[in-house]
Structure formats: structure tokens, C-alpha cells
$ cat model-v4.pdb   # PDB, C-alpha atoms, pLDDT in the B column
ATOM      1  CA  LYS C   1      -4.667  11.515 -43.155  1.00 60.00           C
ATOM      2  CA  GLY C   2      -5.111   8.578 -45.510  1.00 73.00           C
ATOM      3  CA  GLU C   3      -1.816   6.906 -44.713  1.00 85.00           C
ATOM      4  CA  HIS C   4      -2.456   6.926 -40.965  1.00 84.00           C
ATOM      5  CA  GLU C   5      -5.987   5.586 -41.267  1.00 84.00           C
ATOM      6  CA  GLU C   6      -4.759   2.896 -43.669  1.00 88.00           C
ATOM      7  CA  ALA C   7      -2.105   1.952 -41.100  1.00 90.00           C
ATOM      8  CA  VAL C   8      -4.834   1.634 -38.457  1.00 87.00           C
ATOM      9  CA  LYS C   9      -6.799  -0.702 -40.732  1.00 89.00           C
ATOM     10  CA  LYS C  10      -3.692  -2.841 -41.173  1.00 91.00           C
ATOM     11  CA  TYR C  11      -3.232  -3.042 -37.422  1.00 90.00           C
ATOM     12  CA  GLN C  12      -6.864  -4.052 -37.029  1.00 90.00           C
ATOM     13  CA  ARG C  13      -6.529  -6.781 -39.670  1.00 91.00           C
ATOM     14  CA  TYR C  14      -3.389  -8.040 -37.955  1.00 89.00           C
ATOM     15  CA  GLU C  15      -5.172  -8.115 -34.589  1.00 88.00           C
ATOM     16  CA  ARG C  16      -8.111 -10.077 -36.017  1.00 91.00           C
ATOM     17  CA  ALA C  17      -5.752 -12.564 -37.658  1.00 92.00           C
ATOM     18  CA  THR C  18      -3.408 -13.100 -34.715  1.00 93.00           C
ATOM     19  CA  GLY C  19      -5.376 -12.141 -31.625  1.00 91.00           C
ATOM     20  CA  ILE C  20      -2.517  -9.842 -30.605  1.00 90.00           C
ATOM     21  CA  SER C  21      -3.698  -6.428 -29.449  1.00 90.00           C
ATOM     22  CA  THR C  22      -2.559  -3.510 -31.615  1.00 92.00           C
ATOM     23  CA  GLY C  23      -4.574  -0.797 -29.886  1.00 93.00           C
ATOM     24  CA  LYS C  24      -1.518   1.141 -28.738  1.00 93.00           C
ATOM     25  CA  GLU C  25      -0.017   1.111 -32.223  1.00 93.00           C
ATOM     26  CA  ALA C  26      -3.303   2.262 -33.776  1.00 93.00           C
ATOM     27  CA  ALA C  27      -3.521   5.047 -31.196  1.00 94.00           C
ATOM     28  CA  GLN C  28      -0.031   6.235 -32.147  1.00 94.00           C
ATOM     29  CA  GLU C  29      -1.164   6.610 -35.756  1.00 93.00           C
ATOM     30  CA  TYR C  30      -4.042   8.843 -34.680  1.00 94.00           C
ATOM     31  CA  MET C  31      -1.673  10.851 -32.498  1.00 95.00           C
ATOM     32  CA  LYS C  32       0.561  11.417 -35.525  1.00 93.00           C
ATOM     33  CA  LEU C  33      -2.539  12.471 -37.445  1.00 93.00           C
ATOM     34  CA  ALA C  34      -3.369  14.952 -34.667  1.00 95.00           C
ATOM     35  CA  GLU C  35       0.132  16.426 -34.865  1.00 93.00           C
ATOM     36  CA  ARG C  36      -0.220  16.990 -38.611  1.00 92.00           C
ATOM     37  CA  ALA C  37      -3.757  18.382 -38.477  1.00 93.00           C
ATOM     38  CA  THR C  38      -4.125  22.108 -39.047  1.00 93.00           C
ATOM     39  CA  GLU C  39      -7.627  22.550 -37.652  1.00 96.00           C
ATOM     40  CA  THR C  40      -8.332  22.298 -33.935  1.00 97.00           C
ATOM     41  CA  SER C  41     -11.439  20.203 -34.537  1.00 97.00           C
ATOM     42  CA  GLN C  42      -9.353  17.738 -36.559  1.00 95.00           C
ATOM     43  CA  LYS C  43      -6.777  17.487 -33.785  1.00 97.00           C
ATOM     44  CA  ILE C  44      -9.460  16.799 -31.195  1.00 97.00           C
ATOM     45  CA  LYS C  45     -11.167  14.203 -33.392  1.00 96.00           C
ATOM     46  CA  ALA C  46      -7.882  12.389 -33.989  1.00 95.00           C
ATOM     47  CA  LEU C  47      -6.998  12.365 -30.287  1.00 97.00           C
ATOM     48  CA  ARG C  48     -10.467  11.076 -29.395  1.00 97.00           C
ATOM     49  CA  SER C  49      -9.970   8.277 -31.908  1.00 95.00           C
ATOM     50  CA  ALA C  50      -6.594   7.503 -30.316  1.00 96.00           C
ATOM     51  CA  ILE C  51      -8.236   7.215 -26.902  1.00 97.00           C
ATOM     52  CA  LYS C  52     -10.807   4.754 -28.269  1.00 96.00           C
ATOM     53  CA  PHE C  53      -7.937   2.443 -29.190  1.00 95.00           C
ATOM     54  CA  ASP C  54      -5.827   3.161 -26.103  1.00 96.00           C
ATOM     55  CA  PRO C  55      -7.931   4.580 -23.235  1.00 96.00           C
ATOM     56  CA  ASP C  56      -4.894   4.758 -20.941  1.00 95.00           C
ATOM     57  CA  ASN C  57      -2.693   6.874 -23.188  1.00 96.00           C
ATOM     58  CA  ARG C  58      -1.840   9.733 -20.861  1.00 96.00           C
ATOM     59  CA  ASN C  59      -0.309  11.849 -23.639  1.00 96.00           C
ATOM     60  CA  CYS C  60      -3.674  12.004 -25.404  1.00 97.00           C
ATOM     61  CA  TYR C  61      -5.323  13.492 -22.330  1.00 98.00           C
ATOM     62  CA  PHE C  62      -2.501  15.981 -21.792  1.00 98.00           C
ATOM     63  CA  ASN C  63      -2.645  16.994 -25.461  1.00 98.00           C
ATOM     64  CA  LEU C  64      -6.412  17.452 -25.345  1.00 98.00           C
ATOM     65  CA  ALA C  65      -6.064  19.567 -22.204  1.00 98.00           C
ATOM     66  CA  ASP C  66      -3.473  21.757 -23.935  1.00 97.00           C
ATOM     67  CA  ILE C  67      -5.832  22.271 -26.873  1.00 98.00           C
ATOM     68  CA  TYR C  68      -8.755  23.202 -24.638  1.00 98.00           C
ATOM     69  CA  PHE C  69      -6.632  25.596 -22.599  1.00 97.00           C
ATOM     70  CA  GLY C  70      -5.516  27.185 -25.855  1.00 96.00           C
ATOM     71  CA  GLU C  71      -9.170  27.541 -26.850  1.00 97.00           C
ATOM     72  CA  ASN C  72      -9.923  29.186 -23.482  1.00 97.00           C
ATOM     73  CA  LYS C  73     -12.033  26.236 -22.347  1.00 97.00           C
ATOM     74  CA  PRO C  74     -10.536  25.495 -18.919  1.00 96.00           C
ATOM     75  CA  SER C  75     -13.417  23.358 -17.654  1.00 96.00           C
ATOM     76  CA  GLN C  76     -13.058  20.976 -20.599  1.00 97.00           C
ATOM     77  CA  ALA C  77      -9.297  20.982 -20.190  1.00 98.00           C
ATOM     78  CA  MET C  78      -9.529  20.105 -16.508  1.00 97.00           C
ATOM     79  CA  HIS C  79     -11.917  17.269 -17.354  1.00 97.00           C
ATOM     80  CA  GLU C  80      -9.050  15.667 -19.290  1.00 98.00           C
ATOM     81  CA  ILE C  81      -6.630  16.239 -16.408  1.00 98.00           C
ATOM     82  CA  ILE C  82      -9.061  14.655 -13.968  1.00 97.00           C
ATOM     83  CA  GLU C  83      -9.246  11.622 -16.268  1.00 97.00           C
ATOM     84  CA  ILE C  84      -5.472  11.237 -15.902  1.00 98.00           C
ATOM     85  CA  VAL C  85      -5.846  11.217 -12.128  1.00 97.00           C
ATOM     86  CA  LYS C  86      -8.823   8.838 -12.079  1.00 96.00           C
ATOM     87  CA  ARG C  87      -7.224   6.428 -14.538  1.00 96.00           C
ATOM     88  CA  GLU C  88      -3.989   6.435 -12.517  1.00 96.00           C
ATOM     89  CA  LEU C  89      -1.877   7.600 -15.449  1.00 97.00           C
ATOM     90  CA  ILE C  90       0.568   9.813 -13.547  1.00 97.00           C
ATOM     91  CA  ARG C  91       3.945   8.355 -14.449  1.00 94.00           C
ATOM     92  CA  THR C  92       6.542  10.910 -13.342  1.00 94.00           C
ATOM     93  CA  LYS C  93       7.184  13.642 -10.799  1.00 92.00           C
ATOM     94  CA  ASP C  94       6.866  16.103 -13.671  1.00 95.00           C
ATOM     95  CA  ASP C  95       3.375  14.749 -14.405  1.00 97.00           C
ATOM     96  CA  LEU C  96       2.382  15.228 -10.776  1.00 97.00           C
ATOM     97  CA  HIS C  97       3.896  18.712 -10.587  1.00 96.00           C
ATOM     98  CA  ARG C  98       2.131  19.739 -13.792  1.00 96.00           C
ATOM     99  CA  ILE C  99      -1.207  18.466 -12.534  1.00 97.00           C
ATOM    100  CA  GLU C 100      -0.736  20.279  -9.228  1.00 96.00           C
ATOM    101  CA  GLU C 101      -0.046  23.537 -11.067  1.00 96.00           C
ATOM    102  CA  LEU C 102      -3.112  23.123 -13.272  1.00 96.00           C
ATOM    103  CA  PHE C 103      -5.382  22.492 -10.298  1.00 97.00           C
ATOM    104  CA  PHE C 104      -3.874  25.523  -8.553  1.00 95.00           C
ATOM    105  CA  GLU C 105      -4.453  27.766 -11.586  1.00 95.00           C
ATOM    106  CA  HIS C 106      -7.783  26.436 -12.867  1.00 93.00           C
ATOM    107  CA  GLY C 107      -9.392  24.634  -9.944  1.00 83.00           C
ATOM    108  CA  SER C 108      -8.132  24.169  -6.431  1.00 91.00           C
ATOM    109  CA  LEU C 109      -5.564  22.011  -4.692  1.00 93.00           C
ATOM    110  CA  GLU C 110      -8.306  21.050  -2.266  1.00 95.00           C
ATOM    111  CA  GLU C 111     -10.175  19.443  -5.157  1.00 96.00           C
ATOM    112  CA  LEU C 112      -7.073  17.471  -6.112  1.00 97.00           C
ATOM    113  CA  TYR C 113      -6.622  16.519  -2.458  1.00 97.00           C
ATOM    114  CA  ARG C 114     -10.170  15.149  -2.342  1.00 97.00           C
ATOM    115  CA  LEU C 115      -9.598  13.129  -5.513  1.00 96.00           C
ATOM    116  CA  MET C 116      -6.369  11.625  -4.192  1.00 98.00           C
ATOM    117  CA  ALA C 117      -7.712  11.015  -0.690  1.00 97.00           C
ATOM    118  CA  THR C 118     -10.761   9.254  -2.129  1.00 96.00           C
ATOM    119  CA  LYS C 119      -8.476   6.968  -4.147  1.00 95.00           C
ATOM    120  CA  VAL C 120      -6.348   6.138  -1.116  1.00 95.00           C
ATOM    121  CA  ASN C 121      -9.389   5.495   1.090  1.00 95.00           C
ATOM    122  CA  ALA C 122     -10.759   3.173  -1.600  1.00 94.00           C
ATOM    123  CA  GLY C 123      -7.569   1.104  -1.442  1.00 92.00           C
ATOM    124  CA  SER C 124      -5.859   2.409  -4.571  1.00 94.00           C
ATOM    125  CA  GLU C 125      -2.326   1.153  -5.149  1.00 94.00           C
ATOM    126  CA  ASP C 126      -1.404   4.195  -7.249  1.00 96.00           C
ATOM    127  CA  PRO C 127       1.841   5.582  -5.738  1.00 96.00           C
ATOM    128  CA  ALA C 128       1.135   9.040  -7.174  1.00 97.00           C
ATOM    129  CA  ALA C 129      -1.848   9.436  -4.844  1.00 97.00           C
ATOM    130  CA  TYR C 130       0.256   8.718  -1.759  1.00 98.00           C
ATOM    131  CA  LEU C 131       3.110  10.911  -2.949  1.00 97.00           C
ATOM    132  CA  PHE C 132       0.730  13.811  -3.505  1.00 98.00           C
ATOM    133  CA  LEU C 133      -0.889  13.388  -0.080  1.00 98.00           C
ATOM    134  CA  SER C 134       2.531  13.355   1.557  1.00 98.00           C
ATOM    135  CA  ILE C 135       3.461  16.583  -0.232  1.00 97.00           C
ATOM    136  CA  TYR C 136       0.110  18.102   0.680  1.00 97.00           C
ATOM    137  CA  TYR C 137       0.431  17.256   4.373  1.00 98.00           C
ATOM    138  CA  THR C 138       4.005  18.564   4.438  1.00 97.00           C
ATOM    139  CA  ARG C 139       2.844  21.887   3.049  1.00 95.00           C
ATOM    140  CA  LYS C 140       0.144  21.989   5.721  1.00 96.00           C
ATOM    141  CA  GLY C 141       2.838  21.528   8.361  1.00 97.00           C
ATOM    142  CA  ASN C 142       1.687  18.039   9.333  1.00 98.00           C
ATOM    143  CA  HIS C 143       5.002  16.172   9.072  1.00 97.00           C
ATOM    144  CA  GLU C 144       3.776  13.182  11.064  1.00 97.00           C
ATOM    145  CA  LYS C 145       0.839  12.589   8.723  1.00 97.00           C
ATOM    146  CA  ALA C 146       3.067  13.087   5.646  1.00 98.00           C
ATOM    147  CA  VAL C 147       5.415  10.368   6.886  1.00 97.00           C
ATOM    148  CA  LYS C 148       2.560   8.045   7.876  1.00 97.00           C
ATOM    149  CA  VAL C 149       0.892   8.037   4.459  1.00 97.00           C
ATOM    150  CA  LEU C 150       4.152   6.916   2.831  1.00 97.00           C
ATOM    151  CA  ARG C 151       4.929   4.391   5.565  1.00 96.00           C
ATOM    152  CA  ASP C 152       1.453   2.898   5.225  1.00 96.00           C
ATOM    153  CA  TYR C 153       1.976   2.486   1.493  1.00 96.00           C
ATOM    154  CA  LEU C 154       5.378   0.822   1.947  1.00 95.00           C
ATOM    155  CA  ILE C 155       4.122  -1.581   4.623  1.00 95.00           C
ATOM    156  CA  GLU C 156       0.623  -2.371   3.430  1.00 94.00           C
ATOM    157  CA  ILE C 157       0.860  -2.117  -0.364  1.00 95.00           C
ATOM    158  CA  ASP C 158       4.313  -2.251  -1.924  1.00 92.00           C
ATOM    159  CA  ALA C 159       7.868  -1.060  -1.339  1.00 87.00           C
ATOM    160  CA  LYS C 160       8.085   0.823  -4.621  1.00 92.00           C
ATOM    161  CA  VAL C 161      11.382   2.640  -5.029  1.00 91.00           C
ATOM    162  CA  VAL C 162       9.805   6.020  -5.839  1.00 93.00           C
ATOM    163  CA  VAL C 163       7.842   5.945  -2.561  1.00 94.00           C
ATOM    164  CA  LEU C 164      10.853   4.624  -0.647  1.00 93.00           C
ATOM    165  CA  ARG C 165      12.925   7.563  -1.878  1.00 93.00           C
ATOM    166  CA  ALA C 166      10.272  10.053  -0.808  1.00 94.00           C
ATOM    167  CA  TYR C 167       9.996   8.386   2.602  1.00 95.00           C
ATOM    168  CA  ALA C 168      13.778   8.399   3.094  1.00 93.00           C
ATOM    169  CA  ALA C 169      13.985  12.081   2.176  1.00 93.00           C
ATOM    170  CA  LEU C 170      11.090  12.995   4.473  1.00 95.00           C
ATOM    171  CA  THR C 171      12.520  11.083   7.423  1.00 95.00           C
ATOM    172  CA  ASP C 172      16.051  12.323   6.689  1.00 92.00           C
ATOM    173  CA  ASP C 173      17.328   8.748   6.521  1.00 91.00           C
ATOM    174  CA  ALA C 174      20.558   9.255   4.561  1.00 88.00           C
ATOM    175  CA  LEU C 175      21.454   5.552   4.438  1.00 86.00           C
ATOM    176  CA  LEU C 176      18.033   4.508   3.161  1.00 86.00           C
ATOM    177  CA  LEU C 177      18.029   7.335   0.626  1.00 84.00           C
ATOM    178  CA  LYS C 178      21.469   6.323  -0.648  1.00 85.00           C
ATOM    179  CA  ALA C 179      20.335   2.717  -1.061  1.00 80.00           C
ATOM    180  CA  ALA C 180      17.101   3.721  -2.808  1.00 79.00           C
ATOM    181  CA  ARG C 181      18.955   5.899  -5.297  1.00 80.00           C
ATOM    182  CA  LEU C 182      20.895   2.890  -6.539  1.00 73.00           C
ATOM    183  CA  ASP C 183      17.743   1.295  -7.931  1.00 79.00           C
ATOM    184  CA  ASN C 184      15.847   1.879 -11.160  1.00 86.00           C
ATOM    185  CA  ILE C 185      12.279   3.000 -10.568  1.00 92.00           C
ATOM    186  CA  TYR C 186      10.507   1.818 -13.746  1.00 95.00           C
ATOM    187  CA  LYS C 187      10.031  -1.555 -15.403  1.00 95.00           C
ATOM    188  CA  CYS C 188       8.476  -2.420 -18.753  1.00 96.00           C
ATOM    189  CA  THR C 189       5.464  -4.667 -18.206  1.00 94.00           C
ATOM    190  CA  VAL C 190       6.147  -6.432 -21.508  1.00 94.00           C
ATOM    191  CA  CYS C 191       9.874  -7.251 -21.465  1.00 96.00           C
ATOM    192  CA  ASP C 192      10.890  -6.384 -17.861  1.00 95.00           C
ATOM    193  CA  ALA C 193      13.534  -3.879 -18.976  1.00 96.00           C
ATOM    194  CA  LYS C 194      14.340  -1.458 -16.144  1.00 95.00           C
ATOM    195  CA  TYR C 195      14.880   2.279 -16.305  1.00 95.00           C
ATOM    196  CA  ALA C 196      15.970   5.102 -14.042  1.00 92.00           C
ATOM    197  CA  GLU C 197      13.911   7.635 -16.035  1.00 92.00           C
ATOM    198  CA  TYR C 198      10.515   7.323 -17.701  1.00 95.00           C
ATOM    199  CA  VAL C 199      10.269   6.901 -21.481  1.00 94.00           C
ATOM    200  CA  ASP C 200       7.065   6.609 -23.510  1.00 93.00           C
ATOM    201  CA  VAL C 201       8.473   3.822 -25.693  1.00 94.00           C
ATOM    202  CA  CYS C 202      10.500   0.960 -24.224  1.00 95.00           C
ATOM    203  CA  LEU C 203      13.970   1.090 -25.752  1.00 95.00           C
ATOM    204  CA  LYS C 204      14.312  -2.691 -25.571  1.00 96.00           C
ATOM    205  CA  CYS C 205      11.040  -4.036 -26.978  1.00 95.00           C
ATOM    206  CA  GLY C 206       9.417  -0.938 -28.486  1.00 93.00           C
ATOM    207  CA  SER C 207       6.203  -1.235 -26.447  1.00 92.00           C
ATOM    208  CA  ILE C 208       4.294   2.010 -25.971  1.00 92.00           C
ATOM    209  CA  GLU C 209       3.614   3.448 -22.493  1.00 92.00           C
ATOM    210  CA  THR C 210       4.262   0.139 -20.741  1.00 94.00           C
ATOM    211  CA  LEU C 211       6.658   1.415 -18.078  1.00 95.00           C
ATOM    212  CA  LYS C 212       5.347   1.179 -14.525  1.00 93.00           C
ATOM    213  CA  TYR C 213       6.847   1.954 -11.148  1.00 92.00           C
ATOM    214  CA  ILE C 214       8.875  -0.885  -9.638  1.00 89.00           C
TER
END
$ encode --input "model-v4.pdb" --output "C-alpha cells"
Amino acid sequence: KGEHEEAVKKYQRYERATGISTGKEAAQEYMKLAERATETSQKIKALRSAIKFDPDNRNCYFNLADIYFGENKPSQAMHEIIEIVKRELIRTKDDLHRIEELFFEHGSLEELYRLMATKVNAGSEDPAAYLFLSIYYTRKGNHEKAVKVLRDYLIEIDAKVVVLRAYAALTDDALLLKAARLDNIYKCTVCDAKYAEYVDVCLKCGSIETLKYI
């Protein structure tokens, strides 16, 4: 415990001296502390401390949810999952699939639909919200609406590759799908390195959770 908290203090001193934010690095130290903790209360405390330094660390919320599910506290666990949705921290298809499953098992997909629809209606630029709505409408048998929500995103917000791929697959546009598959779908917001798959730490500059959809 001591070594991680001492590392956090060093990061804080460095930030005060240079003005360069070290919140993500400090959060990683608390996450390491959570991994090493033997008591559930210690794990939760460490993860909460990590979130104070890096409020958009999606792994902290997922880890807290796992702990609460393990403690048979589903309402508290789902609170953490809802934070991921509200903070727009869904980074991969696996993230979205996991969240869907959790809402199905411990809440309702209708609740997730309302959350995502509210975000879209409020003008959110989060591609995950539009991807989920497209999947939702497809399952409901409303192909036209599923296509429209993706087309609206591509035309009105941004032609992000991940949405373009989903649109091409839904419209059975083989040429567009082939072209979209040639592109990387993530870019580091610090060094602009591009990736085909999501990684928590940029392999080029070492920045933590800075990959965003292109």
C-alpha cells in the first residue's frame, strides 16, 4: 500500500511543479493497490480513489461493478454500469455487448434503450449510443429505423469508421464494407497513433485510456 500511495504523492508533486496532469498515472497506482488488496472494502476504497484522479477510467467502473455483483449487490453494481453509459466510456463492441447482457440480467434492455435514446435526442456524439439503437431496432424488426439512426449519425455528426462498418453491414453494401475494413478505428488523442483494436495503454506514447474512435 505504501509504495503506491508514495507514487501518487510523487505524481502530485510533479503535477504541481510542471502543470502537467498526472491524474491517469495516479489512478493506475490506486488500481494496482486494488488488485493487491485482500479485503473487499480495501478494493472498493482504492478504486474510488482512482476515480477521483481519473473520473473517466472505465476499468474502474467495470471493476467496481464486478465487486458488487460478487457481493450480491446488483443495484450498486448497475449504478457503476450506468455511469459508464452516461460518461460515454464504451470503447469496444465487447464493452457494449457486456453492458447489454448486464442490463438484460439485472435490469432491462428497455432501460438501456431509454438511456441511449435520451443521449441521442440530446445531441450526443457518442457512437456507442447510435450503434446500440441500431441493434435494438434491428431486433425489433424495424430495419428502416435501424439504418436511419446510423445514416443520421454519419451525415449529421461524423463518419466514424465503426459506424460506417455497421451501416455497410446493415445495408449489405459489400463495397462500402470492404473499404471500411481497410481503416483503423481508433486514434490516440495524445500522439495520433492509430489502431485496429482497442488497447488501454497507447503502445506509442504510453498514455492511458486515450484511444477514441476515428
$ atom_distance --input "model-v4.pdb" --atom1 "atom CA of Lys194 of chain C" --atom2 "atom CA of Lys24 of chain C"
20.4 Å
$ closest_residue --input "model-v4.pdb" --among "C:Leu175, C:Leu182, C:Leu47, C:Ile214" --to "Tyr30 of chain C" --atoms "all atoms listed in the file"
C:Leu47
$ residues_around --input "model-v4.pdb" --residues "Phe132 of chain C" --least-positions-apart "2" --cutoff "8 Å" --atoms "only C-alpha atoms" --output "NGL selection string"
:C and (96 or 113 or 116 or 128-130 or 134-136)
$ resolve_selection --input "model-v4.pdb" --expression "the PyMOL selection byres ((chain C and resi 152-161) around 9)" --output "compact mmCIF listing (two decimals) with C-alpha atoms, keeping the file's coordinate frame"
# COMPACT_ATOMS: atom_id res chain seq x y z
CA GLU C 125 -2.33 1.15 -5.15
CA PRO C 127 1.84 5.58 -5.74
CA TYR C 130 0.26 8.72 -1.76
CA VAL C 147 5.42 10.37 6.89
CA LYS C 148 2.56 8.04 7.88
CA VAL C 149 0.89 8.04 4.46
CA LEU C 150 4.15 6.92 2.83
CA ARG C 151 4.93 4.39 5.56
CA VAL C 162 9.80 6.02 -5.84
CA VAL C 163 7.84 5.94 -2.56
CA LEU C 164 10.85 4.62 -0.65
CA ARG C 165 12.92 7.56 -1.88
CA ALA C 166 10.27 10.05 -0.81
CA TYR C 167 10.00 8.39 2.60
CA ALA C 180 17.10 3.72 -2.81
CA ARG C 181 18.95 5.90 -5.30
CA ASP C 183 17.74 1.30 -7.93
CA ASN C 184 15.85 1.88 -11.16
CA ILE C 185 12.28 3.00 -10.57
CA TYR C 186 10.51 1.82 -13.75
CA TYR C 213 6.85 1.95 -11.15
CA ILE C 214 8.88 -0.88 -9.64
$ resolve_selection --input "model-v4.pdb" --expression "the PyMOL selection byres ((chain C and resi 192) around 10)" --output "VMD selection string"
chain C and resid 186 to 191 193 to 195 202 204 to 205 210 to 212
$ resolve_selection --input "model-v4.pdb" --expression "the PyMOL selection byres ((chain C and resi 69) around 12)" --output "ChimeraX atom specification"
/C:40,62-68,70-81,102,105-106
